[in-house]
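Structure below is entry33.pdb: PDB, C-alpha atoms, pLDDT in the B column.
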ATOM      1  CA  MET T  25      21.982   9.354   5.750  1.00 80.00           C
ATOM      2  CA  ASN T  26      20.719   6.804   8.256  1.00 90.00           C
ATOM      3  CA  LYS T  27      18.623   4.298   6.297  1.00 95.00           C
ATOM      4  CA  THR T  28      16.727   1.603   8.245  1.00 96.00           C
ATOM      5  CA  GLU T  29      14.955  -1.407   6.777  1.00 97.00           C
ATOM      6  CA  ILE T  30      11.419  -2.086   8.021  1.00 97.00           C
ATOM      7  CA  SER T  31      10.198  -5.667   7.936  1.00 95.00           C
ATOM      8  CA  THR T  32       7.104  -7.305   9.377  1.00 97.00           C
ATOM      9  CA  ASP T  33       5.514 -10.723   8.981  1.00 96.00           C
ATOM     10  CA  LYS T  34       2.115  -8.976   8.991  1.00 97.00           C
ATOM     11  CA  ALA T  35       2.752  -7.818   5.398  1.00 97.00           C
ATOM     12  CA  PRO T  36       3.819  -9.951   2.444  1.00 95.00           C
ATOM     13  CA  LYS T  37       7.502 -10.760   2.164  1.00 91.00           C
ATOM     14  CA  ALA T  38       9.372  -9.033  -0.617  1.00 88.00           C
ATOM     15  CA  ILE T  39       9.232 -11.079  -3.826  1.00 83.00           C
ATOM     16  CA  GLY T  40      12.452  -9.609  -5.156  1.00 88.00           C
ATOM     17  CA  PRO T  41      15.602  -7.735  -4.130  1.00 94.00           C
ATOM     18  CA  TYR T  42      13.887  -4.913  -2.241  1.00 95.00           C
ATOM     19  CA  SER T  43      12.755  -4.036   1.287  1.00 96.00           C
ATOM     20  CA  GLN T  44       9.154  -3.939   2.450  1.00 97.00           C
ATOM     21  CA  ALA T  45       9.887  -0.389   3.580  1.00 98.00           C
ATOM     22  CA  ILE T  46      12.743   1.951   4.441  1.00 98.00           C
ATOM     23  CA  THR T  47      12.930   4.839   6.889  1.00 98.00           C
ATOM     24  CA  VAL T  48      15.272   7.738   6.266  1.00 97.00           C
ATOM     25  CA  ASN T  49      15.345  11.372   7.379  1.00 96.00           C
ATOM     26  CA  GLY T  50      12.083  11.103   9.311  1.00 97.00           C
ATOM     27  CA  MET T  51      10.145   9.508   6.467  1.00 98.00           C
ATOM     28  CA  LEU T  52       8.830   6.025   5.692  1.00 98.00           C
ATOM     29  CA  TYR T  53       8.974   4.860   2.087  1.00 98.00           C
ATOM     30  CA  ALA T  54       6.962   1.681   1.576  1.00 98.00           C
ATOM     31  CA  SER T  55       7.297  -0.584  -1.434  1.00 97.00           C
ATOM     32  CA  GLY T  56       4.139  -1.144  -3.428  1.00 97.00           C
ATOM     33  CA  GLN T  57       1.744  -3.486  -1.687  1.00 98.00           C
ATOM     34  CA  ILE T  58      -0.241  -5.990  -3.699  1.00 98.00           C
ATOM     35  CA  PRO T  59      -3.141  -8.104  -2.420  1.00 98.00           C
ATOM     36  CA  ILE T  60      -1.135 -11.017  -1.060  1.00 97.00           C
ATOM     37  CA  ASP T  61      -2.318 -12.526   2.206  1.00 97.00           C
ATOM     38  CA  PRO T  62       0.836 -12.499   4.351  1.00 97.00           C
ATOM     39  CA  ALA T  63      -0.167 -15.691   6.179  1.00 95.00           C
ATOM     40  CA  SER T  64      -0.757 -17.835   3.090  1.00 96.00           C
ATOM     41  CA  GLY T  65       1.388 -15.998   0.553  1.00 95.00           C
ATOM     42  CA  GLN T  66      -1.521 -16.220  -1.907  1.00 96.00           C
ATOM     43  CA  ILE T  67      -3.484 -13.569  -3.789  1.00 97.00           C
ATOM     44  CA  VAL T  68      -6.704 -12.999  -1.832  1.00 96.00           C
ATOM     45  CA  SER T  69      -9.157 -12.999  -4.731  1.00 95.00           C
ATOM     46  CA  ASP T  70      -9.684 -11.888  -8.307  1.00 96.00           C
ATOM     47  CA  ASP T  71     -12.242  -9.338  -7.038  1.00 98.00           C
ATOM     48  CA  ILE T  72     -11.092  -5.678  -7.057  1.00 98.00           C
ATOM     49  CA  THR T  73     -12.887  -4.972  -3.751  1.00 98.00           C
ATOM     50  CA  ALA T  74     -11.074  -7.767  -1.903  1.00 98.00           C
ATOM     51  CA  GLN T  75      -7.794  -6.926  -3.615  1.00 98.00           C
ATOM     52  CA  THR T  76      -8.045  -3.242  -2.660  1.00 98.00           C
ATOM     53  CA  ARG T  77      -8.801  -4.007   0.985  1.00 98.00           C
ATOM     54  CA  ARG T  78      -5.923  -6.487   1.219  1.00 98.00           C
ATOM     55  CA  ALA T  79      -3.448  -4.081  -0.391  1.00 98.00           C
ATOM     56  CA  LEU T  80      -4.527  -1.329   2.030  1.00 98.00           C
ATOM     57  CA  ASP T  81      -4.364  -3.739   4.987  1.00 98.00           C
ATOM     58  CA  ASN T  82      -0.816  -4.611   3.937  1.00 98.00           C
ATOM     59  CA  VAL T  83       0.011  -0.895   3.862  1.00 98.00           C
ATOM     60  CA  GLY T  84      -1.476  -0.654   7.359  1.00 98.00           C
ATOM     61  CA  ALA T  85       0.778  -3.458   8.595  1.00 98.00           C
ATOM     62  CA  LEU T  86       3.869  -1.594   7.398  1.00 98.00           C
ATOM     63  CA  LEU T  87       2.623   1.585   9.054  1.00 98.00           C
ATOM     64  CA  ALA T  88       1.962  -0.280  12.315  1.00 98.00           C
ATOM     65  CA  ALA T  89       5.492  -1.713  12.228  1.00 97.00           C
ATOM     66  CA  CYS T  90       6.651   1.912  12.620  1.00 97.00           C
ATOM     67  CA  LYS T  91       3.948   2.799  15.169  1.00 98.00           C
ATOM     68  CA  LEU T  92       2.128   4.823  12.526  1.00 98.00           C
ATOM     69  CA  ASP T  93      -1.346   4.747  11.015  1.00 98.00           C
ATOM     70  CA  TYR T  94      -3.040   5.946   7.834  1.00 98.00           C
ATOM     71  CA  SER T  95      -3.186   9.529   9.157  1.00 98.00           C
ATOM     72  CA  ASP T  96       0.624   9.691   8.917  1.00 98.00           C
ATOM     73  CA  VAL T  97       0.616   9.031   5.162  1.00 98.00           C
ATOM     74  CA  VAL T  98       1.497  12.071   3.065  1.00 98.00           C
ATOM     75  CA  LYS T  99       1.558  10.531  -0.448  1.00 98.00           C
ATOM     76  CA  THR T 100       0.128   7.464  -2.123  1.00 98.00           C
ATOM     77  CA  THR T 101       0.472   6.032  -5.582  1.00 98.00           C
ATOM     78  CA  VAL T 102      -2.197   3.625  -6.794  1.00 98.00           C
ATOM     79  CA  PHE T 103      -1.511   1.408  -9.797  1.00 98.00           C
ATOM     80  CA  LEU T 104      -4.527  -0.197 -11.475  1.00 98.00           C
ATOM     81  CA  THR T 105      -4.675  -2.543 -14.429  1.00 98.00           C
ATOM     82  CA  ASP T 106      -8.115  -1.126 -15.290  1.00 98.00           C
ATOM     83  CA  LEU T 107      -9.118   2.486 -14.585  1.00 98.00           C
ATOM     84  CA  ASN T 108     -12.734   1.338 -14.803  1.00 98.00           C
ATOM     85  CA  ASP T 109     -12.126   0.052 -11.242  1.00 98.00           C
ATOM     86  CA  PHE T 110     -11.302   3.578 -10.037  1.00 98.00           C
ATOM     87  CA  ALA T 111     -14.717   4.332  -8.467  1.00 98.00           C
ATOM     88  CA  THR T 112     -14.676   1.088  -6.472  1.00 98.00           C
ATOM     89  CA  VAL T 113     -11.092   1.628  -5.336  1.00 98.00           C
ATOM     90  CA  ASN T 114     -11.761   5.268  -4.485  1.00 98.00           C
ATOM     91  CA  GLY T 115     -14.709   4.317  -2.265  1.00 98.00           C
ATOM     92  CA  ILE T 116     -12.673   1.778  -0.314  1.00 98.00           C
ATOM     93  CA  TYR T 117      -9.664   4.115  -0.161  1.00 98.00           C
ATOM     94  CA  GLY T 118     -11.921   6.694   1.514  1.00 98.00           C
ATOM     95  CA  GLU T 119     -12.665   4.208   4.308  1.00 98.00           C
ATOM     96  CA  TYR T 120      -8.955   4.022   5.195  1.00 98.00           C
ATOM     97  CA  PHE T 121      -7.863   7.650   4.806  1.00 98.00           C
ATOM     98  CA  ARG T 122      -9.381  10.740   6.417  1.00 96.00           C
ATOM     99  CA  GLN T 123      -9.007  14.468   5.808  1.00 96.00           C
ATOM    100  CA  PRO T 124      -6.601  15.954   5.252  1.00 97.00           C
ATOM    101  CA  TYR T 125      -6.122  13.237   2.650  1.00 98.00           C
ATOM    102  CA  PRO T 126      -2.637  12.363   1.447  1.00 98.00           C
ATOM    103  CA  ALA T 127      -1.578  13.554  -1.978  1.00 98.00           C
ATOM    104  CA  ARG T 128      -2.271  10.806  -4.503  1.00 98.00           C
ATOM    105  CA  SER T 129      -1.489   9.659  -8.003  1.00 98.00           C
ATOM    106  CA  CYS T 130      -3.471   6.920  -9.710  1.00 98.00           C
ATOM    107  CA  VAL T 131      -2.397   5.403 -12.998  1.00 98.00           C
ATOM    108  CA  GLN T 132      -3.398   2.524 -15.222  1.00 98.00           C
ATOM    109  CA  VAL T 133      -0.619   0.078 -16.004  1.00 98.00           C
ATOM    110  CA  ALA T 134      -0.447  -2.812 -18.453  1.00 98.00           C
ATOM    111  CA  LYS T 135       0.412  -5.454 -15.866  1.00 98.00           C
ATOM    112  CA  LEU T 136       1.292  -5.874 -12.186  1.00 97.00           C
ATOM    113  CA  PRO T 137       3.217  -8.596 -10.342  1.00 95.00           C
ATOM    114  CA  LYS T 138       1.363 -11.896 -10.034  1.00 95.00           C
ATOM    115  CA  ASP T 139      -1.323 -10.498 -12.377  1.00 97.00           C
ATOM    116  CA  VAL T 140      -3.068  -8.606  -9.564  1.00 98.00           C
ATOM    117  CA  LYS T 141      -5.377  -5.697 -10.330  1.00 98.00           C
ATOM    118  CA  ILE T 142      -3.950  -3.167  -7.851  1.00 98.00           C
ATOM    119  CA  GLU T 143      -0.729  -2.082  -6.169  1.00 98.00           C
ATOM    120  CA  ILE T 144      -0.433   0.736  -3.625  1.00 98.00           C
ATOM    121  CA  GLU T 145       2.721   2.450  -2.395  1.00 98.00           C
ATOM    122  CA  ILE T 146       2.966   5.123   0.265  1.00 98.00           C
ATOM    123  CA  VAL T 147       5.215   7.715   1.822  1.00 98.00           C
ATOM    124  CA  ALA T 148       4.581   8.618   5.473  1.00 98.00           C
ATOM    125  CA  LYS T 149       6.041  11.014   8.028  1.00 98.00           C
ATOM    126  CA  LEU T 150       7.520   9.325  11.093  1.00 98.00           C
ATOM    127  CA  ARG T 151       6.361  10.597  14.455  1.00 95.00           C
ATOM    128  CA  SER T 152       8.823  12.406  16.689  1.00 83.00           C
TER     129      SER T 152
END
Step by step, read the file and then write its structure as structure tokens.
Amino acid sequence: MNKTEISTDKAPKAIGPYSQAITVNGMLYASGQIPIDPASGQIVSDDITAQTRRALDNVGALLAACKLDYSDVVKTTVFLTDLNDFATVNGIYGEYFRQPYPARSCVQVAKLPKDVKIEIEIVAKLRS
């Protein structure tokens, strides 16, 4: 197994003992992205719309670090602290991903790091 760490300053630095992303066997596995502005290190807002966009932009930065884009994503997992935000998140999510959409799970959780409202992780296929 040839595991490679992916790191970019265009996405938030890891806030624990983990990598921003790892590539192995032709796949990219990205750690969950929360709505931290990578330049300031601060949460962008308390608003679910702003938080969703920032989390997805952070995902995009990890994809770009591997010369990928959202069309290369095959699976996403969305963690929300309130499923009542699902419609808002789903609308924004649809602006970033196109058909055929990646497989997706979305779950409500009790709490997320730094008390954010959303976290998004992805799996993507590397290009040959």
Return as JSON lines the residues of stretch 48-81 of chain T lying at most 12 Å from stretch 99-110 of chain T, together with the closest atom-to-atom pair for each and the distance in Å to one decimal, counting all atoms listed in the file, with rows in chain order and ascending residue number.
{"residue": "T:Met51", "atom": "CA", "partner": "T:Lys99", "partner_atom": "CA", "distance": 11.1}
{"residue": "T:Leu52", "atom": "CA", "partner": "T:Lys99", "partner_atom": "CA", "distance": 10.5}
{"residue": "T:Tyr53", "atom": "CA", "partner": "T:Lys99", "partner_atom": "CA", "distance": 9.7}
{"residue": "T:Ala54", "atom": "CA", "partner": "T:Thr100", "partner_atom": "CA", "distance": 9.7}
{"residue": "T:Ser55", "atom": "CA", "partner": "T:Thr101", "partner_atom": "CA", "distance": 10.4}
{"residue": "T:Gly56", "atom": "CA", "partner": "T:Thr101", "partner_atom": "CA", "distance": 8.3}
{"residue": "T:Gln57", "atom": "CA", "partner": "T:Val102", "partner_atom": "CA", "distance": 9.6}
{"residue": "T:Ile58", "atom": "CA", "partner": "T:Phe103", "partner_atom": "CA", "distance": 9.7}
{"residue": "T:Asp71", "atom": "CA", "partner": "T:Asp109", "partner_atom": "CA", "distance": 10.3}
{"residue": "T:Ile72", "atom": "CA", "partner": "T:Asp109", "partner_atom": "CA", "distance": 7.2}
{"residue": "T:Thr73", "atom": "CA", "partner": "T:Asp109", "partner_atom": "CA", "distance": 9.1}
{"residue": "T:Gln75", "atom": "CA", "partner": "T:Leu104", "partner_atom": "CA", "distance": 10.9}
{"residue": "T:Thr76", "atom": "CA", "partner": "T:Val102", "partner_atom": "CA", "distance": 9.9}
{"residue": "T:Ala79", "atom": "CA", "partner": "T:Val102", "partner_atom": "CA", "distance": 10.1}
{"residue": "T:Leu80", "atom": "CA", "partner": "T:Val102", "partner_atom": "CA", "distance": 10.4}
Go through T:Leu86, T:Ile67, T:Met25, T:Ile39 and flag the residue nearest T:Asp139, using only C-alpha atoms for the distances.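 For T:Asp139, the nearest of the candidates is T:Ile67.
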Do you know which residues are at most 10 Å from T:Lys37 counting all atoms listed in the file, after dropping those on the same chain fewer than 5 positions away, and could you put them as a PDB file with C-alpha atoms, in the coordinates of the input?
ATOM      1  CA  SER T  31      10.198  -5.667   7.936  1.00 95.00           C
ATOM      2  CA  THR T  32       7.104  -7.305   9.377  1.00 97.00           C
ATOM      3  CA  TYR T  42      13.887  -4.913  -2.241  1.00 95.00           C
ATOM      4  CA  SER T  43      12.755  -4.036   1.287  1.00 96.00           C
ATOM      5  CA  GLN T  44       9.154  -3.939   2.450  1.00 97.00           C
ATOM      6  CA  ILE T  60      -1.135 -11.017  -1.060  1.00 97.00           C
ATOM      7  CA  ASP T  61      -2.318 -12.526   2.206  1.00 97.00           C
ATOM      8  CA  PRO T  62       0.836 -12.499   4.351  1.00 97.00           C
ATOM      9  CA  ALA T  63      -0.167 -15.691   6.179  1.00 95.00           C
ATOM     10  CA  GLY T  65       1.388 -15.998   0.553  1.00 95.00           C
TER      11      GLY T  65
END
T:Lys91, T:Arg128, T:Lys27, T:Arg78: which is nearest T:Val48, counting all atoms listed in the file?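 Checking each candidate against T:Val48, we get T:Lys27 as the closest.
For the pair atom CA of T:Ile116 and atom CA of T:Ala74, the separation is 9.8 Å.
Atom CA of T:Ile142 is positioned 19.5 Å from atom CA of T:Val98.
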For T:Gly50, the nearest of the candidates T:Asn26, T:Tyr94, T:Gly84, T:Thr112, counting all atoms listed in the file: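 Among T:Asn26, T:Tyr94, T:Gly84, T:Thr112, it is T:Asn26 that comes nearest to T:Gly50.
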As lines of an AutoDock Vina configuration file, what would the box around stretch 90-99 of chain T look like: edges along x, y and z, 8 Å added on every side, centre and edge lengths in Å to one decimal?
center_x = 1.7
center_y = 7.0
center_z = 7.4
size_x = 25.8
size_y = 26.2
size_z = 31.6
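Between atom CA of T:Tyr125 and atom CA of T:Ala111 the separation is 16.6 Å.
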